[in-house]
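Just input-v7.cif here, mmCIF, C-alpha atoms:
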data_work
#
loop_
_atom_site.label_atom_id
_atom_site.label_comp_id
_atom_site.auth_asym_id
_atom_site.auth_seq_id
_atom_site.Cartn_x
_atom_site.Cartn_y
_atom_site.Cartn_z
CA MET A 1 -27.34 -8.61 6.99
CA GLY A 2 -27.27 -12.21 8.17
CA LYS A 3 -25.49 -13.73 11.12
CA ASP A 4 -22.24 -15.60 10.52
CA VAL A 5 -19.54 -17.55 12.31
CA ILE A 6 -16.03 -16.21 11.71
CA VAL A 7 -13.22 -18.71 12.28
CA ALA A 8 -10.11 -17.13 13.82
CA CYS A 9 -7.17 -18.61 11.91
CA ASP A 10 -4.50 -17.89 14.51
CA PHE A 11 -1.88 -20.06 12.86
CA ASP A 12 1.83 -19.28 12.64
CA ARG A 13 2.18 -20.19 8.96
CA ALA A 14 0.04 -20.36 5.86
CA SER A 15 0.79 -24.07 5.42
CA GLU A 16 -0.81 -24.84 8.80
CA MET A 17 -3.90 -22.85 7.88
CA PHE A 18 -4.25 -24.51 4.48
CA ASP A 19 -3.98 -27.93 6.11
CA PHE A 20 -6.82 -26.86 8.37
CA LEU A 21 -8.95 -25.50 5.53
CA ASP A 22 -8.42 -28.65 3.44
CA LEU A 23 -10.54 -30.48 6.02
CA PHE A 24 -13.58 -28.54 4.80
CA ARG A 25 -15.10 -30.15 1.71
CA ASP A 26 -18.59 -28.67 1.71
CA GLU A 27 -18.14 -25.31 3.47
CA LYS A 28 -16.22 -22.09 2.87
CA PRO A 29 -15.97 -20.62 6.38
CA PHE A 30 -15.75 -16.86 6.93
CA LEU A 31 -12.16 -16.43 8.17
CA LYS A 32 -10.34 -14.00 10.43
CA ILE A 33 -6.67 -13.35 9.74
CA GLY A 34 -4.82 -11.66 12.57
CA MET A 35 -1.45 -10.05 13.05
CA GLU A 36 0.55 -13.26 13.45
CA LEU A 37 -0.30 -14.71 10.05
CA PHE A 38 -0.51 -11.43 8.14
CA TYR A 39 2.88 -10.24 9.38
CA GLU A 40 4.40 -13.61 8.46
CA GLU A 41 2.80 -14.04 5.03
CA GLY A 42 1.78 -10.52 3.93
CA SER A 43 -0.84 -9.73 1.30
CA PHE A 44 -0.31 -13.12 -0.36
CA ILE A 45 -2.45 -14.75 2.30
CA VAL A 46 -5.35 -12.39 1.59
CA ARG A 47 -5.21 -12.91 -2.17
CA GLU A 48 -5.01 -16.69 -1.81
CA LEU A 49 -7.93 -16.95 0.61
CA LYS A 50 -10.10 -14.77 -1.63
CA ARG A 51 -9.11 -16.91 -4.61
CA ARG A 52 -10.32 -19.92 -2.66
CA GLY A 53 -13.68 -18.25 -2.14
CA HIS A 54 -13.57 -17.25 1.53
CA LYS A 55 -14.96 -14.09 3.08
CA LEU A 56 -12.24 -12.44 5.15
CA PHE A 57 -11.96 -10.32 8.28
CA LEU A 58 -8.48 -8.76 8.38
CA ASP A 59 -7.97 -8.15 12.09
CA LEU A 60 -4.96 -5.83 12.42
CA LYS A 61 -6.45 -3.45 15.04
CA ILE A 62 -4.82 -0.41 13.43
CA HIS A 63 -3.94 2.31 15.95
CA ASP A 64 -1.75 5.32 15.14
CA ILE A 65 -1.99 9.02 14.36
CA PRO A 66 -4.85 9.90 11.95
CA ASN A 67 -2.68 10.52 8.87
CA THR A 68 -0.75 7.25 9.26
CA VAL A 69 -3.98 5.32 9.74
CA ARG A 70 -5.54 6.95 6.66
CA LYS A 71 -2.55 5.99 4.49
CA THR A 72 -2.46 2.47 5.90
CA MET A 73 -6.13 2.02 5.09
CA MET A 74 -5.52 3.22 1.54
CA VAL A 75 -3.15 0.26 1.16
CA LEU A 76 -5.68 -2.17 2.66
CA SER A 77 -8.41 -0.80 0.39
CA ARG A 78 -6.66 -2.45 -2.56
CA MET A 79 -7.22 -5.89 -1.01
CA GLU A 80 -10.53 -7.70 -1.37
CA ILE A 81 -11.22 -7.96 2.34
CA ASP A 82 -14.75 -7.97 3.75
CA ILE A 83 -14.15 -6.54 7.24
CA CYS A 84 -11.25 -4.65 8.81
CA ASP A 85 -10.80 -2.87 12.13
CA VAL A 86 -9.12 -0.09 14.09
CA HIS A 87 -8.75 0.54 17.82
CA ALA A 88 -11.53 2.88 18.95
CA SER A 89 -9.19 4.24 21.62
CA GLY A 90 -7.41 6.10 18.81
CA GLY A 91 -10.23 8.64 18.84
CA VAL A 92 -12.78 10.02 16.40
CA ARG A 93 -10.32 11.83 14.11
CA MET A 94 -8.26 8.69 13.68
CA MET A 95 -11.34 6.63 12.86
CA GLU A 96 -12.54 9.24 10.38
CA GLY A 97 -9.14 9.02 8.71
CA ALA A 98 -9.46 5.25 8.58
CA LEU A 99 -12.87 5.51 6.92
CA GLU A 100 -11.54 7.99 4.36
CA GLY A 101 -8.57 5.78 3.56
CA ILE A 102 -10.47 2.48 3.24
CA THR A 103 -13.05 3.96 0.86
CA ARG A 104 -12.08 3.42 -2.79
CA LEU A 105 -12.63 5.96 -5.55
CA ASP A 106 -15.77 4.12 -6.66
CA GLY A 107 -17.20 4.54 -3.15
CA LYS A 108 -16.96 0.85 -2.29
CA ARG A 109 -15.24 -0.43 0.82
CA PRO A 110 -15.24 -3.29 3.31
CA LEU A 111 -17.05 -3.03 6.62
CA LEU A 112 -14.96 -0.97 9.04
CA ILE A 113 -15.38 -1.60 12.75
CA GLY A 114 -13.83 -0.29 15.96
CA VAL A 115 -12.30 -2.42 18.71
CA THR A 116 -13.61 -1.24 22.09
CA GLN A 117 -12.07 -3.33 24.87
CA LEU A 118 -10.39 -6.68 24.34
CA THR A 119 -12.25 -9.68 25.75
CA SER A 120 -9.11 -10.48 27.75
CA THR A 121 -9.64 -7.21 29.67
CA ASP A 122 -11.64 -7.36 32.89
CA GLN A 123 -12.59 -4.66 35.39
CA GLU A 124 -9.53 -5.22 37.56
CA MET A 125 -7.15 -4.84 34.62
CA LEU A 126 -9.06 -1.80 33.37
CA GLU A 127 -8.63 -0.01 36.68
CA ASN A 128 -5.22 -1.20 37.87
CA GLU A 129 -3.29 -1.31 34.60
CA LEU A 130 -5.09 1.12 32.28
CA LEU A 131 -6.16 3.52 35.06
CA ILE A 132 -9.72 3.70 33.73
CA ARG A 133 -12.02 3.86 36.74
CA MET A 134 -15.37 3.60 34.98
CA PRO A 135 -17.25 0.29 34.73
CA ILE A 136 -16.10 -1.66 31.67
CA LYS A 137 -19.59 -1.65 30.14
CA ASP A 138 -19.69 2.17 30.32
CA VAL A 139 -16.27 2.38 28.67
CA VAL A 140 -17.40 0.10 25.85
CA MET A 141 -20.56 2.13 25.28
CA HIS A 142 -18.60 5.40 25.22
CA TYR A 143 -16.15 3.98 22.69
CA ALA A 144 -19.08 2.69 20.64
CA GLN A 145 -20.57 6.18 20.60
CA ASN A 146 -17.30 7.54 19.20
CA VAL A 147 -17.24 4.78 16.57
CA LYS A 148 -20.77 5.71 15.52
CA LYS A 149 -19.86 9.42 15.43
CA ALA A 150 -16.90 8.65 13.15
CA GLY A 151 -19.22 6.91 10.69
CA LEU A 152 -17.95 3.33 11.09
CA ASP A 153 -20.20 0.30 10.68
CA GLY A 154 -20.00 -1.19 14.16
CA ILE A 155 -17.73 -2.47 16.86
CA VAL A 156 -15.82 -5.45 18.18
CA CYS A 157 -17.05 -6.10 21.70
CA SER A 158 -17.75 -8.85 24.17
CA PRO A 159 -21.08 -10.62 23.59
CA HIS A 160 -22.05 -9.29 27.02
CA GLU A 161 -22.34 -5.79 25.51
CA ALA A 162 -24.07 -6.73 22.22
CA ALA A 163 -27.67 -6.30 23.35
CA GLU A 164 -27.04 -2.90 24.92
CA VAL A 165 -25.10 -1.72 21.85
CA HIS A 166 -28.00 -2.59 19.54
CA LYS A 167 -30.50 -1.00 21.92
CA LYS A 168 -28.59 2.27 21.96
CA PHE A 169 -27.22 2.45 18.41
CA GLY A 170 -29.69 0.40 16.37
CA LYS A 171 -29.79 -2.98 14.66
CA ARG A 172 -27.75 -1.81 11.67
CA PHE A 173 -24.77 -0.98 13.91
CA ILE A 174 -23.06 -4.36 13.82
CA THR A 175 -21.50 -6.26 16.70
CA VAL A 176 -18.59 -8.61 16.08
CA THR A 177 -18.09 -10.64 19.24
CA PRO A 178 -15.07 -12.78 20.12
CA GLY A 179 -14.93 -14.55 23.48
CA ILE A 180 -17.08 -17.45 22.28
CA ARG A 181 -16.69 -20.86 23.88
CA PHE A 182 -18.80 -24.00 23.85
CA ALA A 183 -20.31 -24.91 27.19
CA ASP A 184 -17.84 -27.80 27.47
CA SER A 185 -14.76 -25.85 26.23
CA GLU A 186 -11.82 -24.48 28.22
CA ILE A 187 -11.95 -20.73 28.84
CA GLY A 188 -8.28 -20.08 28.02
CA ASP A 189 -7.19 -16.42 28.19
CA GLN A 190 -10.67 -15.03 27.62
CA ARG A 191 -12.61 -13.46 30.48
CA ARG A 192 -15.97 -12.19 29.23
CA ILE A 193 -17.32 -15.15 27.30
CA MET A 194 -20.57 -16.72 26.05
CA THR A 195 -21.61 -19.83 24.16
CA PRO A 196 -22.72 -19.49 20.51
CA ALA A 197 -26.35 -20.02 21.55
CA GLN A 198 -26.10 -17.29 24.20
CA ALA A 199 -24.47 -14.91 21.70
CA LYS A 200 -27.36 -15.54 19.32
CA GLU A 201 -29.83 -14.80 22.10
CA VAL A 202 -28.28 -11.41 22.91
CA GLY A 203 -28.15 -10.37 19.24
CA SER A 204 -24.50 -10.67 18.18
CA ASP A 205 -24.23 -10.23 14.39
CA TYR A 206 -20.95 -12.11 13.95
CA ILE A 207 -19.17 -14.36 16.42
CA VAL A 208 -15.43 -15.01 16.23
CA VAL A 209 -14.41 -18.52 17.26
CA GLY A 210 -10.81 -19.74 17.30
CA ARG A 211 -9.46 -22.58 19.40
CA PRO A 212 -12.79 -24.34 20.05
CA ILE A 213 -12.80 -24.99 16.28
CA THR A 214 -9.17 -24.90 15.14
CA GLN A 215 -7.90 -27.10 17.98
CA ALA A 216 -10.87 -29.45 18.11
CA LYS A 217 -10.37 -33.15 17.44
CA ASP A 218 -12.83 -32.75 14.56
CA PRO A 219 -12.69 -29.10 13.42
CA VAL A 220 -15.41 -29.54 10.77
CA ALA A 221 -17.82 -31.00 13.32
CA ALA A 222 -16.99 -28.19 15.76
CA TYR A 223 -17.60 -25.58 13.06
CA ARG A 224 -20.92 -27.15 12.15
CA ARG A 225 -21.93 -27.30 15.79
CA CYS A 226 -21.11 -23.61 16.16
CA CYS A 227 -23.14 -22.70 13.06
CA LYS A 228 -26.06 -24.80 14.28
CA GLU A 229 -26.08 -23.12 17.70
CA PHE A 230 -25.63 -19.59 16.35
CA ILE A 231 -27.30 -19.46 12.93
CA ASP A 232 -29.80 -22.28 12.39
CA LYS A 233 -33.40 -21.56 13.16
CA PRO A 234 -35.63 -24.24 14.73
CA LYS A 235 -37.43 -26.25 12.08
CA THR A 236 -41.14 -25.64 11.80
CA LYS A 237 -43.29 -28.72 11.59
CA VAL A 238 -45.64 -28.78 8.61
CA THR A 239 -49.08 -30.12 9.45
CA LYS A 240 -50.92 -31.75 6.60
CA LYS A 241 -54.51 -30.69 6.08
CA LYS A 242 -57.05 -33.46 6.37
#
How does this structure look as structure tokens?
Amino acid sequence: MGKDVIVACDFDRASEMFDFLDLFRDEKPFLKIGMELFYEEGSFIVRELKRRGHKLFLDLKIHDIPNTVRKTMMVLSRMEIDICDVHASGGVRMMEGALEGITRLDGKRPLLIGVTQLTSTDQEMLENELLIRMPIKDVVMHYAQNVKKAGLDGIVCSPHEAAEVHKKFGKRFITVTPGIRFADSEIGDQRRIMTPAQAKEVGSDYIVVGRPITQAKDPVAAYRRCCKEFIDKPKTKVTKKK
């Protein structure tokens, strides 16, 4: 499993997203489609992006009773998505239902991951609004344990938790980490953030990057910069033998 940069396409309409993607001549970025665009455009957007050759993370953060989640995932299983997610706070039974539903009759399925805590959540919000008194890192790790128990492939978490997640649950338990900003970018509504280079250092498997790329003056250059910081390995000099 290689590292990859996932571009969050948080556009209101498909036409805006296609205008953005038309800027890319030499790359086919891995894309994340969230609730805004999917609810506006429906399954058409998934089929069209796959036709264009993109890998796709369908980020709907499904959260409901186990039977409803299982049936919803059966619908999503008919789409050629590469990653999809559920809220880990729905519990183990719900996540087991999601895994059952997303798995096709031939045994194939996309990666299924659990959302632990949103990167817009900080300790103050966790305690004062959600009434969870434990440290946020402990909450994330507990949710990750439930995700692992349910048989899912990994979690969505802040890059600040990625190293500890891999240490506790192994390298094959993937971490998808939003909250990525360049060192010279605005923070926006994110709280627990890192740069692409820092996320690479702590072992994130996939980073999700939205506005620093989609709202950049030169989105292609921003995407390439992100890939260079997160994926590219330093070049090794070749010394000629005398």
Checklist entry - Taking the file as shown, what set of residues would the PyMOL selection byres ((chain A and resi 164-179) around 9) give back, as a ChimeraX atom specification? => result /A:1,113,118-120,140-141,144-145,148,152-163,180-181,187,190-195,199,202-210
Checklist entry - Could you pull the residues within 12 Å of Lys108 (chain A), counting only C-alpha atoms, minus those fewer than 6 positions along the same chain, as a ChimeraX atom specification? => result /A:77-82,99-102
Item to check | CA of Thr214 (chain A) to CA of Ala14 (chain A), distance in Å rounded to a single decimal | outcome: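 Rounded to one decimal, the two atoms are 13.8 Å apart.
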Checklist entry - the PyMOL selection byres ((chain A and resi 135) around 12) on the file shown: which residues, as number ranges by chain? => result A: 117, 121-127, 131-134, 136-142
Item to check | Expansion of the PyMOL selection byres ((chain A and resi 62) around 7) into residues, as a list in words | outcome: Leu60, Lys61, His63, Asp64, Val69, Asp85, Val86 and His87 of chain A
Checklist entry - What is the CA of Phe30 (chain A)-CA of Val147 (chain A) distance in Å, reported with one decimal? => result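 Calculated distance between CA of Phe30 (chain A) and CA of Val147 (chain A) is 23.7 Å.
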Checklist outcome for this item: With distances taken over all atoms listed in the file, the candidate from A:Tyr143, A:Tyr223, A:Phe57, A:Phe230 nearest Cys84 (chain A) is A:Phe57
Item to check | Å distance separating CA of Glu48 (chain A) from CA of Asp26 (chain A), one decimal place | outcome: 18.4 Å
Item to check | Residue nearest Met35 (chain A) among A:Leu58, A:Ile213, A:Ile6, A:Leu112 (counting all atoms listed in the file) | outcome: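 Closest candidate: A:Leu58.
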Checklist entry - Pick from A:Asp232, A:Asp59, A:Asp19, A:Glu40: nearest to Pro219 (chain A), with all atoms listed in the file counted? => result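 That would be A:Asp19, the residue with the smallest distance to Pro219 (chain A).
For Thr68 (chain A), the set of protein, DNA and RNA residues having any atom at most 9 Å away, when counting all atoms listed in the file and skipping those fewer than 4 positions along the same chain, is A:His63, A:Asp64, A:Thr72, A:Met73, A:Met94, A:Gly97, A:Ala98.
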Report, as AutoDock Vina command-line options, the centre and edge lengths in Å (one decimal) of the axis-aligned box enclosing every listed atom of region 165-172 of chain A, padded by 5 Å on each side.
--center_x -27.8 --center_y -0.3 --center_z 16.8 --size_x 15.4 --size_y 15.4 --size_z 20.3
Item to check | Ref. answer, residues at most 12 Å from (-15.9, -13.7, 3.0) with only C-alpha atoms, as an MDAnalysis selection string | outcome: chainID A and resid 4:7 27:33 46:47 49:58 80:84 110:111
Taking C-alpha atoms for each residue, export the selection above as a PDB file, keeping the file's coordinate frame.
ATOM      1  CA  ASP A   4     -22.240 -15.600  10.520  1.00  0.00           C
ATOM      2  CA  VAL A   5     -19.540 -17.550  12.310  1.00  0.00           C
ATOM      3  CA  ILE A   6     -16.030 -16.210  11.710  1.00  0.00           C
ATOM      4  CA  VAL A   7     -13.220 -18.710  12.280  1.00  0.00           C
ATOM      5  CA  GLU A  27     -18.140 -25.310   3.470  1.00  0.00           C
ATOM      6  CA  LYS A  28     -16.220 -22.090   2.870  1.00  0.00           C
ATOM      7  CA  PRO A  29     -15.970 -20.620   6.380  1.00  0.00           C
ATOM      8  CA  PHE A  30     -15.750 -16.860   6.930  1.00  0.00           C
ATOM      9  CA  LEU A  31     -12.160 -16.430   8.170  1.00  0.00           C
ATOM     10  CA  LYS A  32     -10.340 -14.000  10.430  1.00  0.00           C
ATOM     11  CA  ILE A  33      -6.670 -13.350   9.740  1.00  0.00           C
ATOM     12  CA  VAL A  46      -5.350 -12.390   1.590  1.00  0.00           C
ATOM     13  CA  ARG A  47      -5.210 -12.910  -2.170  1.00  0.00           C
ATOM     14  CA  LEU A  49      -7.930 -16.950   0.610  1.00  0.00           C
ATOM     15  CA  LYS A  50     -10.100 -14.770  -1.630  1.00  0.00           C
ATOM     16  CA  ARG A  51      -9.110 -16.910  -4.610  1.00  0.00           C
ATOM     17  CA  ARG A  52     -10.320 -19.920  -2.660  1.00  0.00           C
ATOM     18  CA  GLY A  53     -13.680 -18.250  -2.140  1.00  0.00           C
ATOM     19  CA  HIS A  54     -13.570 -17.250   1.530  1.00  0.00           C
ATOM     20  CA  LYS A  55     -14.960 -14.090   3.080  1.00  0.00           C
ATOM     21  CA  LEU A  56     -12.240 -12.440   5.150  1.00  0.00           C
ATOM     22  CA  PHE A  57     -11.960 -10.320   8.280  1.00  0.00           C
ATOM     23  CA  LEU A  58      -8.480  -8.760   8.380  1.00  0.00           C
ATOM     24  CA  GLU A  80     -10.530  -7.700  -1.370  1.00  0.00           C
ATOM     25  CA  ILE A  81     -11.220  -7.960   2.340  1.00  0.00           C
ATOM     26  CA  ASP A  82     -14.750  -7.970   3.750  1.00  0.00           C
ATOM     27  CA  ILE A  83     -14.150  -6.540   7.240  1.00  0.00           C
ATOM     28  CA  CYS A  84     -11.250  -4.650   8.810  1.00  0.00           C
ATOM     29  CA  PRO A 110     -15.240  -3.290   3.310  1.00  0.00           C
ATOM     30  CA  LEU A 111     -17.050  -3.030   6.620  1.00  0.00           C
TER      31      LEU A 111
END
Checklist outcome for this item: With distances taken over all atoms listed in the file, the candidate from A:Ala222, A:Gly151, A:Glu129, A:Lys3 nearest Gly114 (chain A) is A:Gly151
Checklist entry - Quick one: of A:Leu21, A:Asp184, A:Ile231, A:Ala150, who's nearest to Val92 (chain A), counting only C-alpha atoms? => result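 Residue with the minimum atom-to-atom distance to Val92 (chain A): A:Ala150.
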